file start.json (JSON, C-alpha atoms and all ligand atoms)
[["chain", "number", "residue", "atom", "x", "y", "z"],
["A", 76, "MET", "CA", 31.79, -32.87, -2.11],
["A", 77, "ALA", "CA", 33.23, -32.35, 1.35],
["A", 78, "ASN", "CA", 32.31, -29.19, 3.17],
["A", 79, "SER", "CA", 34.99, -26.56, 3.03],
["A", 80, "LYS", "CA", 36.47, -25.35, 6.28],
["A", 81, "TYR", "CA", 34.70, -22.07, 5.67],
["A", 82, "GLU", "CA", 31.26, -23.54, 5.55],
["A", 83, "TYR", "CA", 30.66, -23.07, 9.28],
["A", 84, "VAL", "CA", 29.96, -19.37, 8.64],
["A", 85, "LYS", "CA", 26.54, -20.37, 7.26],
["A", 86, "ALA", "CA", 25.45, -21.07, 10.83],
["A", 87, "PHE", "CA", 25.63, -17.33, 11.51],
["A", 88, "GLU", "CA", 22.68, -16.72, 9.20],
["A", 89, "GLN", "CA", 19.66, -16.56, 11.44],
["A", 90, "PRO", "CA", 16.23, -17.72, 10.31],
["A", 91, "ASP", "CA", 13.63, -14.95, 10.09],
["A", 92, "LEU", "CA", 10.44, -16.85, 9.28],
["A", 93, "LEU", "CA", 7.23, -14.97, 9.93],
["A", 94, "LEU", "CA", 4.67, -16.78, 12.05],
["A", 95, "PRO", "CA", 2.39, -19.17, 10.17],
["A", 96, "ASN", "CA", -1.28, -18.34, 9.81],
["A", 97, "THR", "CA", -0.90, -14.58, 10.21],
["A", 98, "TRP", "CA", -1.72, -11.84, 7.71],
["A", 99, "ILE", "CA", 1.52, -10.27, 6.50],
["A", 100, "VAL", "CA", 1.71, -6.58, 5.69],
["A", 101, "VAL", "CA", 4.85, -5.26, 4.03],
["A", 102, "ARG", "CA", 4.86, -1.47, 4.22],
["A", 103, "ILE", "CA", 7.37, 0.48, 2.19],
["A", 104, "ASP", "CA", 8.05, 4.20, 2.47],
["A", 105, "GLY", "CA", 10.03, 6.63, 0.35],
["A", 106, "ARG", "CA", 13.32, 7.71, 1.87],
["A", 107, "GLY", "CA", 13.60, 11.45, 2.38],
["A", 108, "PHE", "CA", 10.65, 12.21, 0.12],
["A", 109, "HIS", "CA", 10.23, 15.60, 1.74],
["A", 110, "LYS", "CA", 13.45, 16.59, 0.00],
["A", 111, "PHE", "CA", 12.73, 14.46, -3.08],
["A", 112, "SER", "CA", 9.34, 16.12, -3.63],
["A", 113, "ASP", "CA", 10.98, 19.55, -3.40],
["A", 114, "LYS", "CA", 13.67, 18.60, -5.90],
["A", 115, "TYR", "CA", 11.06, 17.73, -8.53],
["A", 116, "THR", "CA", 8.68, 20.49, -7.38],
["A", 117, "PHE", "CA", 5.79, 18.13, -6.70],
["A", 118, "GLU", "CA", 2.52, 20.02, -6.53],
["A", 119, "LYS", "CA", 1.36, 20.64, -2.99],
["A", 120, "PRO", "CA", -0.31, 19.05, -1.20],
["A", 121, "ASN", "CA", -0.92, 16.33, -3.82],
["A", 122, "ASP", "CA", 0.96, 15.72, -7.02],
["A", 123, "ARG", "CA", -1.20, 13.63, -9.32],
["A", 124, "ARG", "CA", 1.78, 12.43, -11.39],
["A", 125, "ALA", "CA", 3.69, 11.31, -8.31],
["A", 126, "LEU", "CA", 0.70, 9.41, -6.91],
["A", 127, "ASP", "CA", -0.08, 7.83, -10.30],
["A", 128, "LEU", "CA", 3.55, 6.69, -10.49],
["A", 129, "MET", "CA", 3.33, 5.13, -7.00],
["A", 130, "ASN", "CA", 0.16, 3.30, -8.12],
["A", 131, "ALA", "CA", 1.73, 2.13, -11.38],
["A", 132, "ALA", "CA", 4.77, 0.73, -9.53],
["A", 133, "ALA", "CA", 2.49, -0.97, -6.98],
["A", 134, "MET", "CA", 0.48, -2.61, -9.77],
["A", 135, "LYS", "CA", 3.71, -3.99, -11.27],
["A", 136, "VAL", "CA", 4.69, -5.40, -7.87],
["A", 137, "MET", "CA", 1.28, -7.07, -7.61],
["A", 138, "SER", "CA", 1.48, -8.58, -11.06],
["A", 139, "GLU", "CA", 4.95, -9.98, -10.33],
["A", 140, "LEU", "CA", 3.92, -11.31, -6.92],
["A", 141, "PRO", "CA", 0.47, -12.92, -7.29],
["A", 142, "ASP", "CA", 0.47, -13.81, -3.61],
["A", 143, "ILE", "CA", -0.23, -10.17, -2.72],
["A", 144, "PHE", "CA", -4.00, -9.85, -2.72],
["A", 145, "ILE", "CA", -4.42, -6.20, -1.81],
["A", 146, "ALA", "CA", -2.26, -3.11, -1.44],
["A", 147, "TYR", "CA", -2.93, 0.37, -0.16],
["A", 148, "GLY", "CA", -1.03, 3.54, -1.01],
["A", 149, "ILE", "CA", -0.90, 7.09, 0.33],
["A", 150, "SER", "CA", 1.76, 9.78, -0.02],
["A", 151, "ASP", "CA", 5.15, 8.05, -0.39],
["A", 152, "GLU", "CA", 4.08, 4.77, 1.21],
["A", 153, "TYR", "CA", 2.50, 1.51, 0.10],
["A", 154, "SER", "CA", 1.28, -1.45, 2.16],
["A", 155, "PHE", "CA", 1.23, -4.87, 0.46],
["A", 156, "VAL", "CA", -0.78, -7.64, 2.07],
["A", 157, "PHE", "CA", -0.23, -11.41, 1.87],
["A", 158, "HIS", "CA", -2.93, -13.86, 2.82],
["A", 159, "LYS", "CA", -2.43, -15.67, 6.11],
["A", 160, "SER", "CA", -2.06, -18.97, 4.24],
["A", 161, "CYS", "CA", 0.69, -17.59, 1.99],
["A", 162, "THR", "CA", 3.89, -19.67, 1.90],
["A", 163, "LEU", "CA", 5.89, -17.56, -0.56],
["A", 164, "PHE", "CA", 9.64, -17.70, 0.20],
["A", 165, "GLU", "CA", 8.74, -19.93, 3.18],
["A", 166, "ARG", "CA", 7.51, -16.65, 4.76],
["A", 167, "ARG", "CA", 11.07, -15.42, 5.22],
["A", 168, "SER", "CA", 10.69, -11.83, 6.36],
["A", 169, "SER", "CA", 13.80, -10.31, 4.79],
["A", 170, "LYS", "CA", 13.23, -12.11, 1.49],
["A", 171, "LEU", "CA", 9.63, -10.85, 1.27],
["A", 172, "VAL", "CA", 10.53, -7.28, 2.27],
["A", 173, "THR", "CA", 13.63, -6.89, 0.12],
["A", 174, "THR", "CA", 11.93, -8.39, -2.93],
["A", 175, "ILE", "CA", 9.03, -5.98, -2.65],
["A", 176, "VAL", "CA", 11.23, -2.97, -1.94],
["A", 177, "SER", "CA", 13.59, -3.63, -4.83],
["A", 178, "THR", "CA", 10.84, -4.55, -7.31],
["A", 179, "PHE", "CA", 8.87, -1.42, -6.37],
["A", 180, "THR", "CA", 11.93, 0.84, -6.56],
["A", 181, "ALA", "CA", 13.01, -0.61, -9.90],
["A", 182, "TYR", "CA", 9.58, 0.08, -11.40],
["A", 183, "TYR", "CA", 9.36, 3.52, -9.79],
["A", 184, "VAL", "CA", 12.57, 4.48, -11.58],
["A", 185, "HIS", "CA", 11.69, 2.61, -14.79],
["A", 186, "LEU", "CA", 8.24, 4.23, -15.10],
["A", 187, "TRP", "CA", 9.30, 7.72, -13.93],
["A", 188, "SER", "CA", 9.54, 9.22, -17.44],
["A", 189, "ASN", "CA", 5.98, 8.12, -18.28],
["A", 190, "PHE", "CA", 4.71, 10.38, -15.52],
["A", 191, "PHE", "CA", 7.36, 13.11, -15.54],
["A", 192, "PRO", "CA", 8.31, 13.30, -19.23],
["A", 193, "ASP", "CA", 9.93, 16.73, -18.87],
["A", 194, "LEU", "CA", 11.84, 16.02, -15.65],
["A", 195, "PRO", "CA", 14.71, 13.55, -16.06],
["A", 196, "LEU", "CA", 15.44, 11.57, -12.91],
["A", 197, "THR", "CA", 18.93, 12.35, -11.62],
["A", 198, "ALA", "CA", 21.04, 11.15, -8.68],
["A", 199, "PRO", "CA", 20.44, 10.85, -5.79],
["A", 200, "LEU", "CA", 17.83, 8.37, -7.07],
["A", 201, "PRO", "CA", 14.69, 7.54, -5.07],
["A", 202, "SER", "CA", 14.85, 4.68, -2.60],
["A", 203, "PHE", "CA", 12.40, 3.01, -0.23],
["A", 204, "ASP", "CA", 12.60, 1.30, 3.13],
["A", 205, "GLY", "CA", 10.36, -1.57, 4.16],
["A", 206, "ARG", "CA", 9.18, -3.71, 7.06],
["A", 207, "ALA", "CA", 6.93, -6.71, 7.57],
["A", 208, "VAL", "CA", 4.24, -6.72, 10.24],
["A", 209, "GLN", "CA", 2.09, -9.74, 11.14],
["A", 210, "TYR", "CA", -1.56, -9.53, 12.10],
["A", 211, "PRO", "CA", -3.22, -12.55, 13.71],
["A", 212, "SER", "CA", -6.86, -11.80, 12.92],
["A", 213, "VAL", "CA", -8.96, -10.39, 10.11],
["A", 214, "GLN", "CA", -10.08, -7.71, 12.55],
["A", 215, "ASN", "CA", -6.45, -6.70, 13.20],
["A", 216, "LEU", "CA", -5.75, -6.59, 9.48],
["A", 217, "ARG", "CA", -8.84, -4.53, 8.75],
["A", 218, "ASP", "CA", -7.95, -2.20, 11.62],
["A", 219, "TYR", "CA", -4.49, -1.78, 10.08],
["A", 220, "MET", "CA", -6.01, -0.86, 6.71],
["A", 221, "SER", "CA", -8.48, 1.47, 8.44],
["A", 222, "TRP", "CA", -5.64, 3.10, 10.37],
["A", 223, "ARG", "CA", -3.81, 3.93, 7.12],
["A", 224, "GLN", "CA", -6.99, 5.22, 5.47],
["A", 225, "VAL", "CA", -7.89, 7.39, 8.47],
["A", 226, "ASP", "CA", -4.33, 8.73, 8.38],
["A", 227, "CYS", "CA", -4.81, 9.57, 4.71],
["A", 228, "HIS", "CA", -7.98, 11.50, 5.51],
["A", 229, "ILE", "CA", -6.53, 13.38, 8.49],
["A", 230, "ASN", "CA", -3.34, 14.32, 6.64],
["A", 231, "ASN", "CA", -5.14, 15.30, 3.46],
["A", 232, "LEU", "CA", -7.67, 17.52, 5.21],
["A", 233, "TYR", "CA", -4.87, 19.21, 7.14],
["A", 234, "ASN", "CA", -2.62, 19.60, 4.10],
["A", 235, "THR", "CA", -5.43, 20.83, 1.85],
["A", 236, "THR", "CA", -6.34, 23.51, 4.38],
["A", 237, "PHE", "CA", -2.72, 24.39, 5.14],
["A", 238, "TRP", "CA", -1.86, 24.90, 1.46],
["A", 239, "ALA", "CA", -5.09, 26.78, 0.76],
["A", 240, "LEU", "CA", -4.16, 29.24, 3.51],
["A", 241, "ILE", "CA", -0.74, 29.71, 1.87],
["A", 242, "GLN", "CA", -1.56, 29.48, -1.85],
["A", 243, "ASN", "CA", -4.97, 31.18, -1.82],
["A", 244, "GLY", "CA", -4.81, 33.06, 1.46],
["A", 245, "GLY", "CA", -1.31, 34.51, 1.10],
["A", 246, "MET", "CA", -0.18, 33.29, 4.53],
["A", 247, "ASP", "CA", 3.32, 32.13, 5.30],
["A", 248, "ALA", "CA", 3.85, 28.59, 6.60],
["A", 249, "LYS", "CA", 4.31, 29.67, 10.25],
["A", 250, "THR", "CA", 1.07, 31.66, 10.31],
["A", 251, "ALA", "CA", -0.87, 28.88, 8.58],
["A", 252, "GLU", "CA", 0.47, 26.36, 11.09],
["A", 253, "LYS", "CA", -0.61, 28.59, 13.99],
["A", 254, "GLU", "CA", -4.02, 29.11, 12.44],
["A", 255, "LEU", "CA", -4.57, 25.33, 12.30],
["A", 256, "ALA", "CA", -3.12, 24.42, 15.70],
["A", 257, "GLY", "CA", -5.78, 22.63, 17.72],
["A", 258, "SER", "CA", -8.40, 22.89, 14.96],
["A", 259, "LEU", "CA", -10.97, 20.11, 14.48],
["A", 260, "ALA", "CA", -12.01, 18.57, 11.17],
["A", 261, "ALA", "CA", -15.15, 20.72, 11.15],
["A", 262, "ASP", "CA", -13.04, 23.87, 11.59],
["A", 263, "LYS", "CA", -10.88, 22.96, 8.61],
["A", 264, "ASN", "CA", -13.92, 22.21, 6.45],
["A", 265, "GLU", "CA", -15.30, 25.60, 7.49],
["A", 266, "ILE", "CA", -12.04, 27.46, 6.69],
["A", 267, "LEU", "CA", -11.93, 25.81, 3.26],
["A", 268, "PHE", "CA", -15.54, 26.61, 2.49],
["A", 269, "SER", "CA", -16.02, 30.07, 3.96],
["A", 270, "ARG", "CA", -12.66, 31.54, 2.95],
["A", 271, "PHE", "CA", -11.83, 29.73, -0.25],
["A", 272, "LYS", "CA", -15.16, 28.32, -1.50],
["A", 273, "ILE", "CA", -13.60, 24.86, -1.44],
["A", 274, "ASN", "CA", -15.99, 22.05, -0.58],
["A", 275, "TYR", "CA", -13.70, 19.36, 0.80],
["A", 276, "ASN", "CA", -16.18, 16.66, -0.27],
["A", 277, "ASN", "CA", -15.51, 17.59, -3.88],
["A", 278, "GLU", "CA", -11.76, 17.05, -3.64],
["A", 279, "PRO", "CA", -10.49, 14.08, -5.73],
["A", 280, "GLU", "CA", -11.27, 10.69, -4.19],
["A", 281, "MET", "CA", -7.66, 9.59, -4.65],
["A", 282, "TYR", "CA", -6.49, 12.37, -2.35],
["A", 283, "LYS", "CA", -9.20, 11.79, 0.26],
["A", 284, "LYS", "CA", -9.23, 8.00, 0.32],
["A", 285, "GLY", "CA", -5.82, 6.89, -0.98],
["A", 286, "SER", "CA", -5.41, 4.07, -3.52],
["A", 287, "ILE", "CA", -6.51, 0.47, -3.05],
["A", 288, "VAL", "CA", -5.04, -2.01, -5.51],
["A", 289, "PHE", "CA", -6.55, -5.49, -5.67],
["A", 290, "ARG", "CA", -7.40, -8.38, -7.95],
["A", 291, "ASP", "CA", -10.89, -8.11, -9.29],
["A", 292, "TYR", "CA", -12.61, -11.40, -10.08],
["A", 293, "GLU", "CA", -15.64, -10.28, -11.99],
["A", 294, "LEU", "CA", -16.76, -13.88, -12.43],
["A", 295, "VAL", "CA", -16.88, -14.62, -8.72],
["A", 296, "GLU", "CA", -20.43, -14.40, -7.47],
["A", 297, "PRO", "CA", -20.68, -12.86, -4.02],
["A", 298, "GLY", "CA", -21.17, -15.65, -1.51],
["A", 299, "THR", "CA", -19.64, -18.42, -3.63],
["A", 300, "VAL", "CA", -16.29, -18.27, -1.90],
["A", 301, "GLU", "CA", -15.93, -20.49, 1.13],
["A", 302, "LEU", "CA", -15.00, -18.45, 4.15],
["A", 303, "GLU", "CA", -14.00, -21.30, 6.44],
["A", 304, "ASP", "CA", -12.48, -24.66, 5.72],
["A", 305, "ASP", "CA", -10.96, -27.14, 8.09],
["A", 306, "GLU", "CA", -7.52, -28.12, 6.80],
["A", 307, "SER", "CA", -7.07, -30.82, 9.44],
["A", 308, "ALA", "CA", -10.14, -32.74, 8.26],
["A", 309, "LYS", "CA", -8.69, -33.44, 4.78],
["A", 310, "THR", "CA", -8.03, -36.99, 3.54],
["A", 311, "VAL", "CA", -4.99, -37.73, 1.31],
["A", 312, "GLU", "CA", -7.21, -37.68, -1.80],
["A", 313, "GLU", "CA", -8.74, -34.40, -0.77],
["A", 314, "ALA", "CA", -5.29, -32.95, -0.13],
["A", 315, "ALA", "CA", -4.17, -34.00, -3.64],
["A", 316, "LEU", "CA", -7.33, -32.53, -5.07],
["A", 317, "SER", "CA", -6.80, -29.31, -3.21],
["A", 318, "LYS", "CA", -3.28, -29.22, -4.65],
["A", 319, "THR", "CA", -4.64, -29.09, -8.18],
["A", 320, "GLN", "CA", -7.18, -26.63, -6.87],
["A", 321, "ALA", "CA", -4.28, -24.56, -5.52],
["A", 322, "GLU", "CA", -2.65, -24.67, -8.95],
["A", 323, "LYS", "CA", -5.92, -23.53, -10.55],
["A", 324, "ASP", "CA", -6.24, -20.79, -7.96],
["A", 325, "ARG", "CA", -2.71, -19.67, -8.69],
["A", 326, "LYS", "CA", -3.46, -19.40, -12.41],
["A", 327, "ARG", "CA", -6.75, -17.66, -11.72],
["A", 328, "LYS", "CA", -4.95, -15.15, -9.50],
["A", 329, "ALA", "CA", -2.32, -14.52, -12.14],
["A", 330, "LYS", "CA", -5.01, -13.81, -14.75],
["A", 331, "ALA", "CA", -7.30, -11.64, -12.62],
["A", 332, "ARG", "CA", -7.47, -7.98, -13.52],
["A", 333, "ILE", "CA", -5.57, -5.72, -11.17],
["A", 334, "THR", "CA", -7.53, -2.60, -10.42],
["A", 335, "VAL", "CA", -7.01, 0.64, -8.47],
["A", 336, "GLN", "CA", -9.90, 2.16, -6.58],
["A", 337, "HIS", "CA", -10.26, 5.12, -4.28],
["A", 338, "VAL", "CA", -13.09, 4.04, -2.00],
["A", 339, "ASP", "CA", -13.86, 3.57, 1.67],
["A", 340, "MET", "CA", -12.45, 0.34, 3.12],
["A", 341, "ILE", "CA", -13.18, 1.14, 6.74],
["A", 342, "LYS", "CA", -16.85, 0.14, 6.56],
["A", 343, "ASP", "CA", -17.82, -3.51, 6.04],
["A", 344, "GLU", "CA", -19.23, -2.90, 2.56],
["A", 345, "PHE", "CA", -15.92, -2.92, 0.71],
["A", 346, "TRP", "CA", -15.02, -6.34, 2.13],
["A", 347, "GLU", "CA", -18.52, -7.81, 1.95],
["A", 348, "ARG", "CA", -18.81, -6.94, -1.72],
["A", 349, "ARG", "CA", -15.49, -8.68, -2.41],
["A", 350, "PRO", "CA", -15.62, -11.83, -0.28],
["A", 351, "TRP", "CA", -12.66, -13.41, -2.12],
["A", 352, "LEU", "CA", -10.26, -10.90, -0.60],
["A", 353, "LEU", "CA", -10.34, -12.30, 2.92],
["A", 354, "SER", "CA", -11.55, -15.81, 2.12],
["A", 355, "ASN", "CA", -9.55, -18.94, 2.78],
["A", 356, "LYS", "CA", -9.19, -19.45, -0.96],
["A", 357, "PRO", "CA", -7.95, -16.09, -2.15],
["A", 401, "LIG", "P1", 11.56, 9.31, 5.72],
["A", 401, "LIG", "O1", 10.34, 8.56, 5.29],
["A", 401, "LIG", "O2", 11.73, 9.24, 7.19],
["A", 401, "LIG", "O3", 12.79, 8.94, 4.98],
["A", 401, "LIG", "O4", 11.31, 10.90, 5.40],
["A", 401, "LIG", "P2", 10.25, 11.54, 4.39],
["A", 401, "LIG", "O5", 10.77, 12.90, 4.08],
["A", 401, "LIG", "O6", 9.98, 10.64, 3.24],
["A", 401, "LIG", "O7", 8.96, 11.68, 5.30],
["A", 401, "LIG", "P3", 7.53, 10.97, 5.27],
["A", 401, "LIG", "O8", 7.57, 9.65, 4.59],
["A", 401, "LIG", "O9", 7.02, 10.99, 6.65],
["A", 401, "LIG", "O10", 6.66, 11.98, 4.45],
["A", 401, "LIG", "C1", 6.48, 11.94, 3.08],
["A", 401, "LIG", "C2", 6.95, 13.23, 2.43],
["A", 401, "LIG", "O11", 6.74, 13.14, 1.03],
["A", 401, "LIG", "C3", 6.23, 14.47, 2.92],
["A", 401, "LIG", "O12", 7.17, 15.46, 3.28],
["A", 401, "LIG", "C4", 5.46, 14.96, 1.72],
["A", 401, "LIG", "C5", 6.13, 14.29, 0.55],
["A", 401, "LIG", "N1", 5.11, 13.94, -0.45],
["A", 401, "LIG", "C6", 4.54, 12.74, -0.66],
["A", 401, "LIG", "N2", 3.60, 12.83, -1.64],
["A", 401, "LIG", "C7", 3.61, 14.12, -2.05],
["A", 401, "LIG", "C8", 2.88, 14.86, -3.04],
["A", 401, "LIG", "O13", 2.02, 14.33, -3.76],
["A", 401, "LIG", "N3", 3.16, 16.19, -3.16],
["A", 401, "LIG", "C9", 4.10, 16.79, -2.39],
["A", 401, "LIG", "N4", 4.33, 18.09, -2.56],
["A", 401, "LIG", "N5", 4.80, 16.14, -1.46],
["A", 401, "LIG", "C10", 4.56, 14.83, -1.29],
["A", 402, "MG", "MG", 9.17, 7.42, 7.19],
["A", 403, "MG", "MG", 9.09, 8.77, 3.47],
["A", 404, "MG", "MG", 5.72, 8.50, 4.28],
["A", 405, "MG", "MG", 20.43, -16.21, -5.25]]

call {"tool": "encode", "arguments": {"input": "start.json", "output": "structure tokens"}}
result
Amino acid sequence: MANSKYEYVKAFEQPDLLLPNTWIVVRIDGRGFHKFSDKYTFEKPNDRRALDLMNAAAMKVMSELPDIFIAYGISDEYSFVFHKSCTLFERRSSKLVTTIVSTFTAYYVHLWSNFFPDLPLTAPLPSFDGRAVQYPSVQNLRDYMSWRQVDCHINNLYNTTFWALIQNGGMDAKTAEKELAGSLAADKNEILFSRFKINYNNEPEMYKKGSIVFRDYELVEPGTVELEDDESAKTVEEAALSKTQAEKDRKRKAKARITVQHVDMIKDEFWERRPWLLSNKP
């Protein structure tokens, strides 16, 4: 069929392919969740139901998009990570971001009543923004994950102390803010312990460390995953073989158990114990 005279408008669509061979992080964040959390009177500083709902929606996103190998959530945000070899949607940035944002939002709304059975969700409904960022090295990616986890720790220590001063110490927000201005982590730990008998170390791990969602391959022995392979050295037969291998890997990924953990991922141990996460055959 001949092109219509209107067809030229297609040329206005600009490609937005992300660079090959880079780790892709899609971070989404709740829009206006300060207001949203007030509307549904989320517990301060952490509302278990709200965080569990974020985690449940993230797990659904991961099961629908097996190319995501790890995700990390704190507060109203979630970061989803694609392996550097990922070719999903030809690595089109807007397609990756909008698919994740809409899938996450749909599940957030769909699962709401499981976590807030007594609070019907009413308009304006929750929405999320999203962006894709590319990281060229494993070190950059790990530094990104560490950055988010350090942020979680800093914010949670501050918020825990701030709300203790208000809820247990009877301060107003202005006074509590002044009290904490310029304070170090040790000062906040001391305020919590000496004034309120709260040992910060005993606070829930989810609040202190955030939530890491990943595929757990219990059958993978540590050290059995190849960390380096040279794509360019492959013969045609090897390439065909690796295609069936890729198919097997895809099925294996789809079947793997998706788990949520609240552990340190800044130190090497988390990654060393799970070599498949950053391997060339995720
Ligand atoms: P944005 O992202 O620019 O549209 O604006 P916000 O208001 O979403 O700001 P953001 O993302 O920087 O901060 C997240 C807000 O969500 C923050 O005001 C606290 C609130 N929030 C998140 N999780 C909880 C929770 O578990 N409990 C309570 N009370 N508030 C929470
Ligand atoms: Mg924001
Ligand atoms: Mg937000
Ligand atoms: Mg946020
Ligand atoms: Mg279509």

call {"tool": "atom_distance", "arguments": {"input": "start.json", "atom1": "CA of Tyr183 (chain A)", "atom2": "CA of Arg206 (chain A)"}}
result
18.3 Å

call {"tool": "closest_atom_pairs", "arguments": {"input": "start.json", "of": "chain A", "to": "ligand LIG 401 (chain A)", "cutoff": "7 Å", "atoms": "only C-alpha atoms and all ligand atoms", "output": "CSV"}}
result
residue,atom,partner,partner_atom,distance
A:Asp104,CA,A:LIG401,O1,5.7
A:Gly105,CA,A:LIG401,O6,4.9
A:Arg106,CA,A:LIG401,O3,3.4
A:Gly107,CA,A:LIG401,O5,3.6
A:Phe108,CA,A:LIG401,O6,3.6
A:His109,CA,A:LIG401,O12,3.4
A:Lys110,CA,A:LIG401,O5,6.1
A:Ser112,CA,A:LIG401,N5,5.0
A:Asp113,CA,A:LIG401,N4,6.9
A:Thr116,CA,A:LIG401,N4,6.9
A:Phe117,CA,A:LIG401,N4,4.4
A:Glu118,CA,A:LIG401,N4,4.8
A:Lys119,CA,A:LIG401,N4,3.9
A:Pro120,CA,A:LIG401,N3,4.9
A:Asn121,CA,A:LIG401,O13,3.6
A:Asp122,CA,A:LIG401,O13,3.7
A:Arg123,CA,A:LIG401,O13,6.5
A:Ala125,CA,A:LIG401,O13,5.7
A:Leu126,CA,A:LIG401,O13,6.0
A:Ser150,CA,A:LIG401,N2,3.9
A:Asp151,CA,A:LIG401,C6,4.7
A:Glu152,CA,A:LIG401,O8,6.9

call {"tool": "atom_distance", "arguments": {"input": "start.json", "atom1": "CA of Leu94 (chain A)", "atom2": "CA of Val208 (chain A)"}}
result
10.2 Å

call {"tool": "closest_atom_pairs", "arguments": {"input": "start.json", "of": "region 190-248 of chain A", "to": "region 332-354 of chain A", "cutoff": "8 Å", "atoms": "all atoms listed in the file", "output": "JSON lines"}}
result
{"residue": "A:Val213", "atom": "CA", "partner": "A:Leu353", "partner_atom": "CA", "distance": 7.6}
{"residue": "A:Arg217", "atom": "CA", "partner": "A:Ile341", "partner_atom": "CA", "distance": 7.4}
{"residue": "A:Asp218", "atom": "CA", "partner": "A:Ile341", "partner_atom": "CA", "distance": 7.9}
{"residue": "A:Met220", "atom": "CA", "partner": "A:Ile341", "partner_atom": "CA", "distance": 7.4}
{"residue": "A:Ser221", "atom": "CA", "partner": "A:Ile341", "partner_atom": "CA", "distance": 5.0}
{"residue": "A:Gln224", "atom": "CA", "partner": "A:Ile341", "partner_atom": "CA", "distance": 7.5}

call {"tool": "write_last_selection", "arguments": {"input": "start.json", "atoms": "C-alpha atoms", "output": "CSV table (one decimal), in the frame of the given file"}}
result
chain,number,residue,atom,x,y,z
A,213,VAL,CA,-9.0,-10.4,10.1
A,217,ARG,CA,-8.8,-4.5,8.8
A,218,ASP,CA,-8.0,-2.2,11.6
A,220,MET,CA,-6.0,-0.9,6.7
A,221,SER,CA,-8.5,1.5,8.4
A,224,GLN,CA,-7.0,5.2,5.5

call {"tool": "residues_around", "arguments": {"input": "start.json", "residues": "Ala207 (chain A)", "least_positions_apart": "6", "cutoff": "7 Å", "atoms": "all atoms listed in the file", "output": "MDAnalysis selection string"}}
result
chainID A and resid 99:102 168 172

call {"tool": "closest_residue", "arguments": {"input": "start.json", "among": "A:Asn189, A:Gln209, A:Thr178, A:Ser154", "to": "ligand MG 404 (chain A)", "atoms": "all atoms listed in the file"}}
result
A:Ser154

call {"tool": "residues_around", "arguments": {"input": "start.json", "residues": "region 155-164 of chain A", "least_positions_apart": "2", "cutoff": "6 Å", "atoms": "only C-alpha atoms", "output": "PDB file with C-alpha atoms, in the coordinates of the input"}}
result
ATOM      1  CA  ASN A  96      -1.280 -18.340   9.810  1.00  0.00           C
ATOM      2  CA  THR A  97      -0.900 -14.580  10.210  1.00  0.00           C
ATOM      3  CA  TRP A  98      -1.720 -11.840   7.710  1.00  0.00           C
ATOM      4  CA  ILE A  99       1.520 -10.270   6.500  1.00  0.00           C
ATOM      5  CA  VAL A 100       1.710  -6.580   5.690  1.00  0.00           C
ATOM      6  CA  VAL A 101       4.850  -5.260   4.030  1.00  0.00           C
ATOM      7  CA  ILE A 143      -0.230 -10.170  -2.720  1.00  0.00           C
ATOM      8  CA  ILE A 145      -4.420  -6.200  -1.810  1.00  0.00           C
ATOM      9  CA  ALA A 146      -2.260  -3.110  -1.440  1.00  0.00           C
ATOM     10  CA  ARG A 166       7.510 -16.650   4.760  1.00  0.00           C
ATOM     11  CA  ARG A 167      11.070 -15.420   5.220  1.00  0.00           C
TER      12      ARG A 167
END

call {"tool": "atom_distance", "arguments": {"input": "start.json", "atom1": "CA of Tyr115 (chain A)", "atom2": "CA of Ile266 (chain A)"}}
result
29.3 Å

call {"tool": "residues_around", "arguments": {"input": "start.json", "residues": "region 173-177 of chain A", "least_positions_apart": "3", "cutoff": "7 Å", "atoms": "all atoms listed in the file", "output": "count of residues only"}}
result
9

call {"tool": "closest_residue", "arguments": {"input": "start.json", "among": "A:Ser79, A:Ser286, A:Thr235, A:Ser212", "to": "Ala251 (chain A)", "atoms": "all atoms listed in the file"}}
result
A:Thr235

call {"tool": "decode", "arguments": {"input": "start.json", "residues": "region 226-247 of chain A", "atoms": "C-alpha atoms", "output": "mmCIF file, in the first residue's frame"}}
result
data_model
loop_
_atom_site.group_PDB
_atom_site.id
_atom_site.type_symbol
_atom_site.label_atom_id
_atom_site.label_comp_id
_atom_site.auth_asym_id
_atom_site.auth_seq_id
_atom_site.Cartn_x
_atom_site.Cartn_y
_atom_site.Cartn_z
ATOM 1 C CA ASP A 226 20.130 8.030 51.727
ATOM 2 C CA CYS A 227 17.700 5.591 53.317
ATOM 3 C CA HIS A 228 19.853 5.391 56.442
ATOM 4 C CA ILE A 229 20.422 9.148 56.746
ATOM 5 C CA ASN A 230 16.744 9.982 56.200
ATOM 6 C CA ASN A 231 15.492 7.254 58.503
ATOM 7 C CA LEU A 232 17.794 8.201 61.372
ATOM 8 C CA TYR A 233 16.785 11.840 60.996
ATOM 9 C CA ASN A 234 13.068 11.081 60.685
ATOM 10 C CA THR A 235 13.071 8.591 63.561
ATOM 11 C CA THR A 236 14.694 11.169 65.841
ATOM 12 C CA PHE A 237 12.546 14.033 64.560
ATOM 13 C CA TRP A 238 9.297 12.134 65.188
ATOM 14 C CA ALA A 239 10.468 10.829 68.564
ATOM 15 C CA LEU A 240 11.066 14.427 69.656
ATOM 16 C CA ILE A 241 7.516 15.299 68.558
ATOM 17 C CA GLN A 242 5.568 12.143 69.435
ATOM 18 C CA ASN A 243 7.412 11.166 72.631
ATOM 19 C CA GLY A 244 9.051 14.455 73.549
ATOM 20 C CA GLY A 245 6.056 16.736 73.005
ATOM 21 C CA MET A 246 7.993 19.165 70.797
ATOM 22 C CA ASP A 247 6.486 21.014 67.876
#
